[in-house]
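Chemist: Sharing start.cif (mmCIF, N, CA and C atoms) below.
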data_target
loop_
_atom_site.label_atom_id
_atom_site.label_comp_id
_atom_site.auth_asym_id
_atom_site.auth_seq_id
_atom_site.Cartn_x
_atom_site.Cartn_y
_atom_site.Cartn_z
N MET F 1 0.83 -1.19 0.00
CA MET F 1 0.00 0.00 0.00
C MET F 1 0.87 1.26 0.00
N LYS F 2 1.91 1.26 0.83
CA LYS F 2 2.79 2.43 0.91
C LYS F 2 3.51 2.65 -0.42
N GLU F 3 3.83 1.57 -1.12
CA GLU F 3 4.51 1.66 -2.42
C GLU F 3 3.63 2.39 -3.44
N ARG F 4 2.33 2.12 -3.44
CA ARG F 4 1.40 2.82 -4.34
C ARG F 4 1.36 4.31 -4.04
N GLN F 5 1.36 4.67 -2.77
CA GLN F 5 1.32 6.08 -2.37
C GLN F 5 2.58 6.79 -2.85
N VAL F 6 3.73 6.13 -2.72
CA VAL F 6 4.99 6.73 -3.17
C VAL F 6 4.94 6.94 -4.68
N MET F 7 4.43 5.97 -5.43
CA MET F 7 4.31 6.11 -6.88
C MET F 7 3.36 7.24 -7.23
N ALA F 8 2.23 7.35 -6.53
CA ALA F 8 1.27 8.42 -6.78
C ALA F 8 1.90 9.77 -6.49
N ASP F 9 2.65 9.86 -5.40
CA ASP F 9 3.32 11.11 -5.05
C ASP F 9 4.33 11.51 -6.12
N LYS F 10 5.09 10.55 -6.65
CA LYS F 10 6.07 10.84 -7.70
C LYS F 10 5.38 11.30 -8.97
N THR F 11 4.24 10.68 -9.31
CA THR F 11 3.49 11.08 -10.50
C THR F 11 2.97 12.50 -10.34
N THR F 12 2.46 12.82 -9.16
CA THR F 12 1.95 14.17 -8.90
C THR F 12 3.06 15.18 -9.03
N VAL F 13 4.20 14.89 -8.45
CA VAL F 13 5.33 15.82 -8.51
C VAL F 13 5.79 16.01 -9.95
N SER F 14 5.91 14.91 -10.70
CA SER F 14 6.38 15.05 -12.08
C SER F 14 5.35 15.77 -12.95
N THR F 15 4.06 15.59 -12.68
CA THR F 15 3.03 16.32 -13.42
C THR F 15 3.09 17.80 -13.08
N GLU F 16 3.24 18.11 -11.81
CA GLU F 16 3.39 19.51 -11.40
C GLU F 16 4.61 20.14 -12.07
N GLU F 17 5.72 19.42 -12.08
CA GLU F 17 6.93 19.93 -12.72
C GLU F 17 6.69 20.18 -14.20
N LYS F 18 5.98 19.27 -14.86
CA LYS F 18 5.70 19.41 -16.28
C LYS F 18 4.84 20.64 -16.54
N ILE F 19 3.82 20.86 -15.70
CA ILE F 19 2.97 22.05 -15.85
C ILE F 19 3.80 23.32 -15.68
N ARG F 20 4.68 23.31 -14.68
CA ARG F 20 5.55 24.48 -14.46
C ARG F 20 6.46 24.72 -15.66
N GLU F 21 6.97 23.64 -16.26
CA GLU F 21 7.81 23.76 -17.45
C GLU F 21 7.02 24.36 -18.62
N ILE F 22 5.79 23.91 -18.78
CA ILE F 22 4.93 24.43 -19.85
C ILE F 22 4.70 25.92 -19.65
N LEU F 23 4.37 26.30 -18.42
CA LEU F 23 4.14 27.72 -18.13
C LEU F 23 5.40 28.55 -18.36
N GLN F 24 6.53 27.98 -17.99
CA GLN F 24 7.80 28.68 -18.21
C GLN F 24 8.05 28.87 -19.71
N GLY F 25 7.66 27.89 -20.51
CA GLY F 25 7.80 27.99 -21.96
C GLY F 25 6.91 29.06 -22.57
N LEU F 26 5.80 29.37 -21.90
CA LEU F 26 4.88 30.42 -22.37
C LEU F 26 5.27 31.81 -21.86
N GLU F 27 6.28 31.87 -21.01
CA GLU F 27 6.63 33.12 -20.34
C GLU F 27 6.90 34.27 -21.31
N CYS F 28 7.58 34.00 -22.41
CA CYS F 28 7.90 35.09 -23.35
C CYS F 28 6.63 35.64 -24.00
N ILE F 29 5.67 34.79 -24.30
CA ILE F 29 4.40 35.24 -24.87
C ILE F 29 3.61 36.03 -23.84
N LEU F 30 3.54 35.50 -22.62
CA LEU F 30 2.80 36.17 -21.55
C LEU F 30 3.41 37.53 -21.23
N THR F 31 4.73 37.58 -21.14
CA THR F 31 5.42 38.82 -20.83
C THR F 31 5.17 39.87 -21.92
N ALA F 32 5.16 39.42 -23.16
CA ALA F 32 4.90 40.34 -24.27
C ALA F 32 3.50 40.96 -24.18
N HIS F 33 2.60 40.25 -23.51
CA HIS F 33 1.23 40.75 -23.33
C HIS F 33 1.02 41.32 -21.93
N ASP F 34 2.11 41.63 -21.25
CA ASP F 34 2.04 42.16 -19.88
C ASP F 34 1.22 41.27 -18.95
N SER F 35 1.41 39.96 -19.08
CA SER F 35 0.67 38.98 -18.28
C SER F 35 1.63 38.01 -17.62
N CYS F 36 1.06 37.20 -16.74
CA CYS F 36 1.84 36.15 -16.09
C CYS F 36 0.91 34.99 -15.77
N ALA F 37 1.48 33.81 -15.56
CA ALA F 37 0.70 32.63 -15.18
C ALA F 37 1.53 31.80 -14.22
N GLU F 38 0.87 31.27 -13.19
CA GLU F 38 1.56 30.49 -12.17
C GLU F 38 0.64 29.37 -11.69
N LEU F 39 1.21 28.19 -11.53
CA LEU F 39 0.47 27.07 -10.96
C LEU F 39 0.31 27.32 -9.47
N THR F 40 -0.93 27.43 -9.01
CA THR F 40 -1.16 27.70 -7.59
C THR F 40 -1.61 26.47 -6.83
N GLU F 41 -2.20 25.50 -7.54
CA GLU F 41 -2.66 24.28 -6.87
C GLU F 41 -2.73 23.14 -7.87
N PHE F 42 -2.35 21.95 -7.43
CA PHE F 42 -2.50 20.77 -8.26
C PHE F 42 -2.93 19.62 -7.36
N LYS F 43 -4.11 19.07 -7.66
CA LYS F 43 -4.63 17.95 -6.87
C LYS F 43 -5.65 17.19 -7.71
N ASP F 44 -5.59 15.89 -7.66
CA ASP F 44 -6.56 15.04 -8.36
C ASP F 44 -6.70 15.40 -9.84
N ASN F 45 -5.59 15.55 -10.53
CA ASN F 45 -5.56 15.89 -11.96
C ASN F 45 -6.23 17.22 -12.28
N ARG F 46 -6.28 18.11 -11.32
CA ARG F 46 -6.84 19.45 -11.53
C ARG F 46 -5.74 20.47 -11.25
N ALA F 47 -5.45 21.28 -12.26
CA ALA F 47 -4.44 22.33 -12.12
C ALA F 47 -5.13 23.68 -12.07
N VAL F 48 -4.87 24.41 -11.00
CA VAL F 48 -5.40 25.77 -10.86
C VAL F 48 -4.26 26.72 -11.21
N ILE F 49 -4.49 27.54 -12.22
CA ILE F 49 -3.48 28.46 -12.71
C ILE F 49 -3.93 29.89 -12.42
N TYR F 50 -3.08 30.64 -11.73
CA TYR F 50 -3.34 32.06 -11.55
C TYR F 50 -2.83 32.76 -12.80
N CYS F 51 -3.65 33.59 -13.37
CA CYS F 51 -3.26 34.36 -14.55
C CYS F 51 -3.51 35.82 -14.26
N GLY F 52 -2.48 36.63 -14.42
CA GLY F 52 -2.63 38.06 -14.21
C GLY F 52 -2.39 38.82 -15.50
N GLY F 53 -3.07 39.92 -15.66
CA GLY F 53 -2.91 40.75 -16.84
C GLY F 53 -3.99 40.46 -17.87
N PRO F 54 -3.84 41.03 -19.06
CA PRO F 54 -4.85 40.90 -20.11
C PRO F 54 -5.12 39.45 -20.55
N CYS F 55 -4.14 38.57 -20.43
CA CYS F 55 -4.32 37.19 -20.87
C CYS F 55 -5.42 36.46 -20.08
N MET F 56 -5.71 36.95 -18.90
CA MET F 56 -6.74 36.31 -18.08
C MET F 56 -8.10 36.32 -18.78
N LYS F 57 -8.39 37.38 -19.51
CA LYS F 57 -9.70 37.52 -20.15
C LYS F 57 -9.67 37.16 -21.64
N CYS F 58 -8.54 36.70 -22.11
CA CYS F 58 -8.39 36.37 -23.52
C CYS F 58 -9.15 35.09 -23.86
N ASP F 59 -9.77 35.06 -25.03
CA ASP F 59 -10.53 33.89 -25.46
C ASP F 59 -9.67 32.84 -26.16
N ASN F 60 -8.40 33.12 -26.42
CA ASN F 60 -7.54 32.17 -27.13
C ASN F 60 -7.27 30.90 -26.34
N ARG F 61 -7.29 30.99 -25.04
CA ARG F 61 -7.08 29.84 -24.16
C ARG F 61 -5.75 29.13 -24.44
N CYS F 62 -4.70 29.91 -24.74
CA CYS F 62 -3.41 29.31 -25.09
C CYS F 62 -2.74 28.64 -23.89
N ILE F 63 -2.98 29.13 -22.69
CA ILE F 63 -2.39 28.49 -21.50
C ILE F 63 -3.00 27.11 -21.33
N GLU F 64 -4.32 27.05 -21.34
CA GLU F 64 -5.00 25.76 -21.22
C GLU F 64 -4.62 24.83 -22.37
N GLY F 65 -4.58 25.37 -23.57
CA GLY F 65 -4.24 24.56 -24.74
C GLY F 65 -2.84 23.97 -24.67
N ALA F 66 -1.89 24.76 -24.19
CA ALA F 66 -0.50 24.28 -24.09
C ALA F 66 -0.40 23.14 -23.08
N ILE F 67 -1.13 23.26 -21.98
CA ILE F 67 -1.10 22.20 -20.96
C ILE F 67 -1.82 20.96 -21.49
N LYS F 68 -3.01 21.14 -22.06
CA LYS F 68 -3.80 20.00 -22.56
C LYS F 68 -3.08 19.26 -23.69
N GLU F 69 -2.30 19.99 -24.47
CA GLU F 69 -1.57 19.36 -25.57
C GLU F 69 -0.62 18.28 -25.06
N GLN F 70 0.02 18.55 -23.94
CA GLN F 70 0.99 17.60 -23.39
C GLN F 70 0.42 16.73 -22.28
N LEU F 71 -0.61 17.23 -21.60
CA LEU F 71 -1.22 16.50 -20.49
C LEU F 71 -2.75 16.52 -20.65
N PRO F 72 -3.27 15.73 -21.60
CA PRO F 72 -4.69 15.81 -21.94
C PRO F 72 -5.66 15.44 -20.82
N ASP F 73 -5.21 14.70 -19.83
CA ASP F 73 -6.09 14.26 -18.75
C ASP F 73 -6.20 15.27 -17.61
N ILE F 74 -5.50 16.39 -17.73
CA ILE F 74 -5.50 17.39 -16.67
C ILE F 74 -6.63 18.40 -16.89
N GLU F 75 -7.40 18.66 -15.84
CA GLU F 75 -8.41 19.72 -15.88
C GLU F 75 -7.70 21.01 -15.52
N VAL F 76 -7.86 22.02 -16.36
CA VAL F 76 -7.18 23.30 -16.15
C VAL F 76 -8.21 24.36 -15.77
N ILE F 77 -7.97 25.01 -14.66
CA ILE F 77 -8.83 26.09 -14.20
C ILE F 77 -7.99 27.35 -14.15
N ILE F 78 -8.41 28.37 -14.90
CA ILE F 78 -7.70 29.65 -14.93
C ILE F 78 -8.41 30.61 -13.98
N GLN F 79 -7.65 31.21 -13.09
CA GLN F 79 -8.21 32.19 -12.14
C GLN F 79 -7.50 33.51 -12.29
#
Re-express the file's structure as structure tokens.

Modeler:
Amino acid sequence: MKERQVMADKTTVSTEEKIREILQGLECILTAHDSCAELTEFKDNRAVIYCGGPCMKCDNRCIEGAIKEQLPDIEVIIQ
């Protein structure tokens, strides 16, 4: 049982790291639009992303799209 928990914890950490890498890759686009994005919470395949600046209200959904492209099973919530 403990072995499963360790594996789940490693998967969560690696998924969080991957989301952070994706957001870091979008940094130049976000900065160009005077915006920012940060992973604020990750639990049960749900990523809550804080987005500041004009990109928060943008309909392009490029932050969500970039994450879903690499991690399709993740629910992305932009705040």

Chemist: When DSSP works through the backbone of this structure, what residues of chain F end up as strand (DSSP E or B), shown as a ChimeraX atom specification?

Modeler: /F:36-43,46-52,75-78

Chemist: With N, CA and C atoms retained, could you export that selection as a compact mmCIF listing (two decimals), in the frame of the given file?

Modeler:
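part-v9.txt, freshly written:
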# COMPACT_ATOMS: atom_id res chain seq x y z
N CYS F 36 1.06 37.20 -16.74
CA CYS F 36 1.84 36.15 -16.09
C CYS F 36 0.91 34.99 -15.77
N ALA F 37 1.48 33.81 -15.56
CA ALA F 37 0.70 32.63 -15.18
C ALA F 37 1.53 31.80 -14.22
N GLU F 38 0.87 31.27 -13.19
CA GLU F 38 1.56 30.49 -12.17
C GLU F 38 0.64 29.37 -11.69
N LEU F 39 1.21 28.19 -11.53
CA LEU F 39 0.47 27.07 -10.96
C LEU F 39 0.31 27.32 -9.47
N THR F 40 -0.93 27.43 -9.01
CA THR F 40 -1.16 27.70 -7.59
C THR F 40 -1.61 26.47 -6.83
N GLU F 41 -2.20 25.50 -7.54
CA GLU F 41 -2.66 24.28 -6.87
C GLU F 41 -2.73 23.14 -7.87
N PHE F 42 -2.35 21.95 -7.43
CA PHE F 42 -2.50 20.77 -8.26
C PHE F 42 -2.93 19.62 -7.36
N LYS F 43 -4.11 19.07 -7.66
CA LYS F 43 -4.63 17.95 -6.87
C LYS F 43 -5.65 17.19 -7.71
N ARG F 46 -6.28 18.11 -11.32
CA ARG F 46 -6.84 19.45 -11.53
C ARG F 46 -5.74 20.47 -11.25
N ALA F 47 -5.45 21.28 -12.26
CA ALA F 47 -4.44 22.33 -12.12
C ALA F 47 -5.13 23.68 -12.07
N VAL F 48 -4.87 24.41 -11.00
CA VAL F 48 -5.40 25.77 -10.86
C VAL F 48 -4.26 26.72 -11.21
N ILE F 49 -4.49 27.54 -12.22
CA ILE F 49 -3.48 28.46 -12.71
C ILE F 49 -3.93 29.89 -12.42
N TYR F 50 -3.08 30.64 -11.73
CA TYR F 50 -3.34 32.06 -11.55
C TYR F 50 -2.83 32.76 -12.80
N CYS F 51 -3.65 33.59 -13.37
CA CYS F 51 -3.26 34.36 -14.55
C CYS F 51 -3.51 35.82 -14.26
N GLY F 52 -2.48 36.63 -14.42
CA GLY F 52 -2.63 38.06 -14.21
C GLY F 52 -2.39 38.82 -15.50
N GLU F 75 -7.40 18.66 -15.84
CA GLU F 75 -8.41 19.72 -15.88
C GLU F 75 -7.70 21.01 -15.52
N VAL F 76 -7.86 22.02 -16.36
CA VAL F 76 -7.18 23.30 -16.15
C VAL F 76 -8.21 24.36 -15.77
N ILE F 77 -7.97 25.01 -14.66
CA ILE F 77 -8.83 26.09 -14.20
C ILE F 77 -7.99 27.35 -14.15
N ILE F 78 -8.41 28.37 -14.90
CA ILE F 78 -7.70 29.65 -14.93
C ILE F 78 -8.41 30.61 -13.98

Chemist: Determine, counting all atoms listed in the file, every residue of protein, DNA or RNA that lies within 8 Å of (-7.9, 21.3, -14.8) in the file coordinates, then give the result as a list of chain:residue names.

Modeler: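 Answer for this query, in the requested form: F:Asp44, F:Asn45, F:Arg46, F:Ala47, F:Val48, F:Ile49, F:Asp73, F:Ile74, F:Glu75, F:Val76, F:Ile77, F:Ile78.
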
Chemist: Taking all atoms of segment 25-36 of chain F that the file lists and extending 3 Å past them on each side, where is the centre of the axis-aligned box and how long are its edges? Answer in Å to one decimal, as lines of an AutoDock Vina configuration file.

Modeler:
center_x = 4.3
center_y = 35.0
center_z = -20.3
size_x = 13.2
size_y = 20.3
size_z = 15.1

Chemist: As a check of understanding, name the residues that the PyMOL selection byres ((chain F and resi 60-67) around 8) selects in the supplied structure, as an mmCIF file with N, CA and C atoms, in the coordinates of the input.

Modeler:
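Result file is part_0.cif:
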data_model
loop_
_atom_site.group_PDB
_atom_site.id
_atom_site.type_symbol
_atom_site.label_atom_id
_atom_site.label_comp_id
_atom_site.auth_asym_id
_atom_site.auth_seq_id
_atom_site.Cartn_x
_atom_site.Cartn_y
_atom_site.Cartn_z
ATOM 1 N N LYS F 18 5.980 19.270 -14.860
ATOM 2 C CA LYS F 18 5.700 19.410 -16.280
ATOM 3 C C LYS F 18 4.840 20.640 -16.540
ATOM 4 N N ILE F 19 3.820 20.860 -15.700
ATOM 5 C CA ILE F 19 2.970 22.050 -15.850
ATOM 6 C C ILE F 19 3.800 23.320 -15.680
ATOM 7 N N ILE F 22 5.790 23.910 -18.780
ATOM 8 C CA ILE F 22 4.930 24.430 -19.850
ATOM 9 C C ILE F 22 4.700 25.920 -19.650
ATOM 10 N N LEU F 23 4.370 26.300 -18.420
ATOM 11 C CA LEU F 23 4.140 27.720 -18.130
ATOM 12 C C LEU F 23 5.400 28.550 -18.360
ATOM 13 N N LEU F 26 5.800 29.370 -21.900
ATOM 14 C CA LEU F 26 4.880 30.420 -22.370
ATOM 15 C C LEU F 26 5.270 31.810 -21.860
ATOM 16 N N CYS F 55 -4.140 38.570 -20.430
ATOM 17 C CA CYS F 55 -4.320 37.190 -20.870
ATOM 18 C C CYS F 55 -5.420 36.460 -20.080
ATOM 19 N N LYS F 57 -8.390 37.380 -19.510
ATOM 20 C CA LYS F 57 -9.700 37.520 -20.150
ATOM 21 C C LYS F 57 -9.670 37.160 -21.640
ATOM 22 N N CYS F 58 -8.540 36.700 -22.110
ATOM 23 C CA CYS F 58 -8.390 36.370 -23.520
ATOM 24 C C CYS F 58 -9.150 35.090 -23.860
ATOM 25 N N ASP F 59 -9.770 35.060 -25.030
ATOM 26 C CA ASP F 59 -10.530 33.890 -25.460
ATOM 27 C C ASP F 59 -9.670 32.840 -26.160
ATOM 28 N N LYS F 68 -3.010 21.140 -22.060
ATOM 29 C CA LYS F 68 -3.800 20.000 -22.560
ATOM 30 C C LYS F 68 -3.080 19.260 -23.690
ATOM 31 N N GLU F 69 -2.300 19.990 -24.470
ATOM 32 C CA GLU F 69 -1.570 19.360 -25.570
ATOM 33 C C GLU F 69 -0.620 18.280 -25.060
ATOM 34 N N GLN F 70 0.020 18.550 -23.940
ATOM 35 C CA GLN F 70 0.990 17.600 -23.390
ATOM 36 C C GLN F 70 0.420 16.730 -22.280
ATOM 37 N N LEU F 71 -0.610 17.230 -21.600
ATOM 38 C CA LEU F 71 -1.220 16.500 -20.490
ATOM 39 C C LEU F 71 -2.750 16.520 -20.650
ATOM 40 N N PRO F 72 -3.270 15.730 -21.600
ATOM 41 C CA PRO F 72 -4.690 15.810 -21.940
ATOM 42 C C PRO F 72 -5.660 15.440 -20.820
ATOM 43 N N ASP F 73 -5.210 14.700 -19.830
ATOM 44 C CA ASP F 73 -6.090 14.260 -18.750
ATOM 45 C C ASP F 73 -6.200 15.270 -17.610
ATOM 46 N N ILE F 74 -5.500 16.390 -17.730
ATOM 47 C CA ILE F 74 -5.500 17.390 -16.670
ATOM 48 C C ILE F 74 -6.630 18.400 -16.890
ATOM 49 N N GLU F 75 -7.400 18.660 -15.840
ATOM 50 C CA GLU F 75 -8.410 19.720 -15.880
ATOM 51 C C GLU F 75 -7.700 21.010 -15.520
ATOM 52 N N VAL F 76 -7.860 22.020 -16.360
ATOM 53 C CA VAL F 76 -7.180 23.300 -16.150
ATOM 54 C C VAL F 76 -8.210 24.360 -15.770
ATOM 55 N N ILE F 77 -7.970 25.010 -14.660
ATOM 56 C CA ILE F 77 -8.830 26.090 -14.200
ATOM 57 C C ILE F 77 -7.990 27.350 -14.150
ATOM 58 N N ILE F 78 -8.410 28.370 -14.900
ATOM 59 C CA ILE F 78 -7.700 29.650 -14.930
ATOM 60 C C ILE F 78 -8.410 30.610 -13.980
#

Chemist: Run DSSP on the backbone and tell me which residues of segment 8-79 of chain F come out as helix (DSSP H, G or I); list them as a ChimeraX atom specification.

Modeler: /F:8-25,27-32,54-57,62-70

Chemist: Can you write just those residues out, N, CA and C atoms, as a CSV table (one decimal), keeping the file's coordinate frame?

Modeler:
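Below you can see out10.csv, which holds the result:
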chain,number,residue,atom,x,y,z
F,8,ALA,N,2.2,7.4,-6.5
F,8,ALA,CA,1.3,8.4,-6.8
F,8,ALA,C,1.9,9.8,-6.5
F,9,ASP,N,2.6,9.9,-5.4
F,9,ASP,CA,3.3,11.1,-5.0
F,9,ASP,C,4.3,11.5,-6.1
F,10,LYS,N,5.1,10.6,-6.6
F,10,LYS,CA,6.1,10.8,-7.7
F,10,LYS,C,5.4,11.3,-9.0
F,11,THR,N,4.2,10.7,-9.3
F,11,THR,CA,3.5,11.1,-10.5
F,11,THR,C,3.0,12.5,-10.3
F,12,THR,N,2.5,12.8,-9.2
F,12,THR,CA,2.0,14.2,-8.9
F,12,THR,C,3.1,15.2,-9.0
F,13,VAL,N,4.2,14.9,-8.4
F,13,VAL,CA,5.3,15.8,-8.5
F,13,VAL,C,5.8,16.0,-10.0
F,14,SER,N,5.9,14.9,-10.7
F,14,SER,CA,6.4,15.0,-12.1
F,14,SER,C,5.4,15.8,-13.0
F,15,THR,N,4.1,15.6,-12.7
F,15,THR,CA,3.0,16.3,-13.4
F,15,THR,C,3.1,17.8,-13.1
F,16,GLU,N,3.2,18.1,-11.8
F,16,GLU,CA,3.4,19.5,-11.4
F,16,GLU,C,4.6,20.1,-12.1
F,17,GLU,N,5.7,19.4,-12.1
F,17,GLU,CA,6.9,19.9,-12.7
F,17,GLU,C,6.7,20.2,-14.2
F,18,LYS,N,6.0,19.3,-14.9
F,18,LYS,CA,5.7,19.4,-16.3
F,18,LYS,C,4.8,20.6,-16.5
F,19,ILE,N,3.8,20.9,-15.7
F,19,ILE,CA,3.0,22.0,-15.8
F,19,ILE,C,3.8,23.3,-15.7
F,20,ARG,N,4.7,23.3,-14.7
F,20,ARG,CA,5.6,24.5,-14.5
F,20,ARG,C,6.5,24.7,-15.7
F,21,GLU,N,7.0,23.6,-16.3
F,21,GLU,CA,7.8,23.8,-17.4
F,21,GLU,C,7.0,24.4,-18.6
F,22,ILE,N,5.8,23.9,-18.8
F,22,ILE,CA,4.9,24.4,-19.8
F,22,ILE,C,4.7,25.9,-19.6
F,23,LEU,N,4.4,26.3,-18.4
F,23,LEU,CA,4.1,27.7,-18.1
F,23,LEU,C,5.4,28.6,-18.4
F,24,GLN,N,6.5,28.0,-18.0
F,24,GLN,CA,7.8,28.7,-18.2
F,24,GLN,C,8.0,28.9,-19.7
F,25,GLY,N,7.7,27.9,-20.5
F,25,GLY,CA,7.8,28.0,-22.0
F,25,GLY,C,6.9,29.1,-22.6
F,27,GLU,N,6.3,31.9,-21.0
F,27,GLU,CA,6.6,33.1,-20.3
F,27,GLU,C,6.9,34.3,-21.3
F,28,CYS,N,7.6,34.0,-22.4
F,28,CYS,CA,7.9,35.1,-23.4
F,28,CYS,C,6.6,35.6,-24.0
F,29,ILE,N,5.7,34.8,-24.3
F,29,ILE,CA,4.4,35.2,-24.9
F,29,ILE,C,3.6,36.0,-23.8
F,30,LEU,N,3.5,35.5,-22.6
F,30,LEU,CA,2.8,36.2,-21.6
F,30,LEU,C,3.4,37.5,-21.2
F,31,THR,N,4.7,37.6,-21.1
F,31,THR,CA,5.4,38.8,-20.8
F,31,THR,C,5.2,39.9,-21.9
F,32,ALA,N,5.2,39.4,-23.2
F,32,ALA,CA,4.9,40.3,-24.3
F,32,ALA,C,3.5,41.0,-24.2
F,54,PRO,N,-3.8,41.0,-19.1
F,54,PRO,CA,-4.8,40.9,-20.1
F,54,PRO,C,-5.1,39.4,-20.6
F,55,CYS,N,-4.1,38.6,-20.4
F,55,CYS,CA,-4.3,37.2,-20.9
F,55,CYS,C,-5.4,36.5,-20.1
F,56,MET,N,-5.7,37.0,-18.9
F,56,MET,CA,-6.7,36.3,-18.1
F,56,MET,C,-8.1,36.3,-18.8
F,57,LYS,N,-8.4,37.4,-19.5
F,57,LYS,CA,-9.7,37.5,-20.2
F,57,LYS,C,-9.7,37.2,-21.6
F,62,CYS,N,-4.7,29.9,-24.7
F,62,CYS,CA,-3.4,29.3,-25.1
F,62,CYS,C,-2.7,28.6,-23.9
F,63,ILE,N,-3.0,29.1,-22.7
F,63,ILE,CA,-2.4,28.5,-21.5
F,63,ILE,C,-3.0,27.1,-21.3
F,64,GLU,N,-4.3,27.0,-21.3
F,64,GLU,CA,-5.0,25.8,-21.2
F,64,GLU,C,-4.6,24.8,-22.4
F,65,GLY,N,-4.6,25.4,-23.6
F,65,GLY,CA,-4.2,24.6,-24.7
F,65,GLY,C,-2.8,24.0,-24.7
F,66,ALA,N,-1.9,24.8,-24.2
F,66,ALA,CA,-0.5,24.3,-24.1
F,66,ALA,C,-0.4,23.1,-23.1
F,67,ILE,N,-1.1,23.3,-22.0
F,67,ILE,CA,-1.1,22.2,-21.0
F,67,ILE,C,-1.8,21.0,-21.5
F,68,LYS,N,-3.0,21.1,-22.1
F,68,LYS,CA,-3.8,20.0,-22.6
F,68,LYS,C,-3.1,19.3,-23.7
F,69,GLU,N,-2.3,20.0,-24.5
F,69,GLU,CA,-1.6,19.4,-25.6
F,69,GLU,C,-0.6,18.3,-25.1
F,70,GLN,N,0.0,18.6,-23.9
F,70,GLN,CA,1.0,17.6,-23.4
F,70,GLN,C,0.4,16.7,-22.3

Chemist: For the PyMOL selection byres (((chain F and resi 30 and name CA) around 12) and name CA), applied here, can you spell out every residue it catches as a list in words?

Modeler: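 For this structure, the PyMOL selection byres (((chain F and resi 30 and name CA) around 12) and name CA) resolves to Leu23, Gln24, Gly25, Leu26, Glu27, Cys28, Ile29, Thr31, Ala32, His33, Asp34, Ser35, Cys36, Ala37, Glu38, Cys51, Gly52, Gly53, Pro54, Cys55, Met56, Cys58, Cys62 and Ile63 of chain F.
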
Chemist: Next, the residues of the selection above should be written as a compact mmCIF listing (two decimals), keeping the file's coordinate frame with N, CA and C atoms.

Modeler:
# COMPACT_ATOMS: atom_id res chain seq x y z
N LEU F 23 4.37 26.30 -18.42
CA LEU F 23 4.14 27.72 -18.13
C LEU F 23 5.40 28.55 -18.36
N GLN F 24 6.53 27.98 -17.99
CA GLN F 24 7.80 28.68 -18.21
C GLN F 24 8.05 28.87 -19.71
N GLY F 25 7.66 27.89 -20.51
CA GLY F 25 7.80 27.99 -21.96
C GLY F 25 6.91 29.06 -22.57
N LEU F 26 5.80 29.37 -21.90
CA LEU F 26 4.88 30.42 -22.37
C LEU F 26 5.27 31.81 -21.86
N GLU F 27 6.28 31.87 -21.01
CA GLU F 27 6.63 33.12 -20.34
C GLU F 27 6.90 34.27 -21.31
N CYS F 28 7.58 34.00 -22.41
CA CYS F 28 7.90 35.09 -23.35
C CYS F 28 6.63 35.64 -24.00
N ILE F 29 5.67 34.79 -24.30
CA ILE F 29 4.40 35.24 -24.87
C ILE F 29 3.61 36.03 -23.84
N THR F 31 4.73 37.58 -21.14
CA THR F 31 5.42 38.82 -20.83
C THR F 31 5.17 39.87 -21.92
N ALA F 32 5.16 39.42 -23.16
CA ALA F 32 4.90 40.34 -24.27
C ALA F 32 3.50 40.96 -24.18
N HIS F 33 2.60 40.25 -23.51
CA HIS F 33 1.23 40.75 -23.33
C HIS F 33 1.02 41.32 -21.93
N ASP F 34 2.11 41.63 -21.25
CA ASP F 34 2.04 42.16 -19.88
C ASP F 34 1.22 41.27 -18.95
N SER F 35 1.41 39.96 -19.08
CA SER F 35 0.67 38.98 -18.28
C SER F 35 1.63 38.01 -17.62
N CYS F 36 1.06 37.20 -16.74
CA CYS F 36 1.84 36.15 -16.09
C CYS F 36 0.91 34.99 -15.77
N ALA F 37 1.48 33.81 -15.56
CA ALA F 37 0.70 32.63 -15.18
C ALA F 37 1.53 31.80 -14.22
N GLU F 38 0.87 31.27 -13.19
CA GLU F 38 1.56 30.49 -12.17
C GLU F 38 0.64 29.37 -11.69
N CYS F 51 -3.65 33.59 -13.37
CA CYS F 51 -3.26 34.36 -14.55
C CYS F 51 -3.51 35.82 -14.26
N GLY F 52 -2.48 36.63 -14.42
CA GLY F 52 -2.63 38.06 -14.21
C GLY F 52 -2.39 38.82 -15.50
N GLY F 53 -3.07 39.92 -15.66
CA GLY F 53 -2.91 40.75 -16.84
C GLY F 53 -3.99 40.46 -17.87
N PRO F 54 -3.84 41.03 -19.06
CA PRO F 54 -4.85 40.90 -20.11
C PRO F 54 -5.12 39.45 -20.55
N CYS F 55 -4.14 38.57 -20.43
CA CYS F 55 -4.32 37.19 -20.87
C CYS F 55 -5.42 36.46 -20.08
N MET F 56 -5.71 36.95 -18.90
CA MET F 56 -6.74 36.31 -18.08
C MET F 56 -8.10 36.32 -18.78
N CYS F 58 -8.54 36.70 -22.11
CA CYS F 58 -8.39 36.37 -23.52
C CYS F 58 -9.15 35.09 -23.86
N CYS F 62 -4.70 29.91 -24.74
CA CYS F 62 -3.41 29.31 -25.09
C CYS F 62 -2.74 28.64 -23.89
N ILE F 63 -2.98 29.13 -22.69
CA ILE F 63 -2.39 28.49 -21.50
C ILE F 63 -3.00 27.11 -21.33

Chemist: Just give me the gap between atom C of Glu21 of chain F and atom CA of Tyr50 of chain F in Å, one decimal is fine.

Modeler: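 Result for atom C of Glu21 of chain F versus atom CA of Tyr50 of chain F: 14.7 Å, one decimal.
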
Chemist: Rounded to one decimal in Å, what is the spacing between atom C of Glu17 of chain F and atom CA of Lys43 of chain F?

Modeler: 13.7 Å
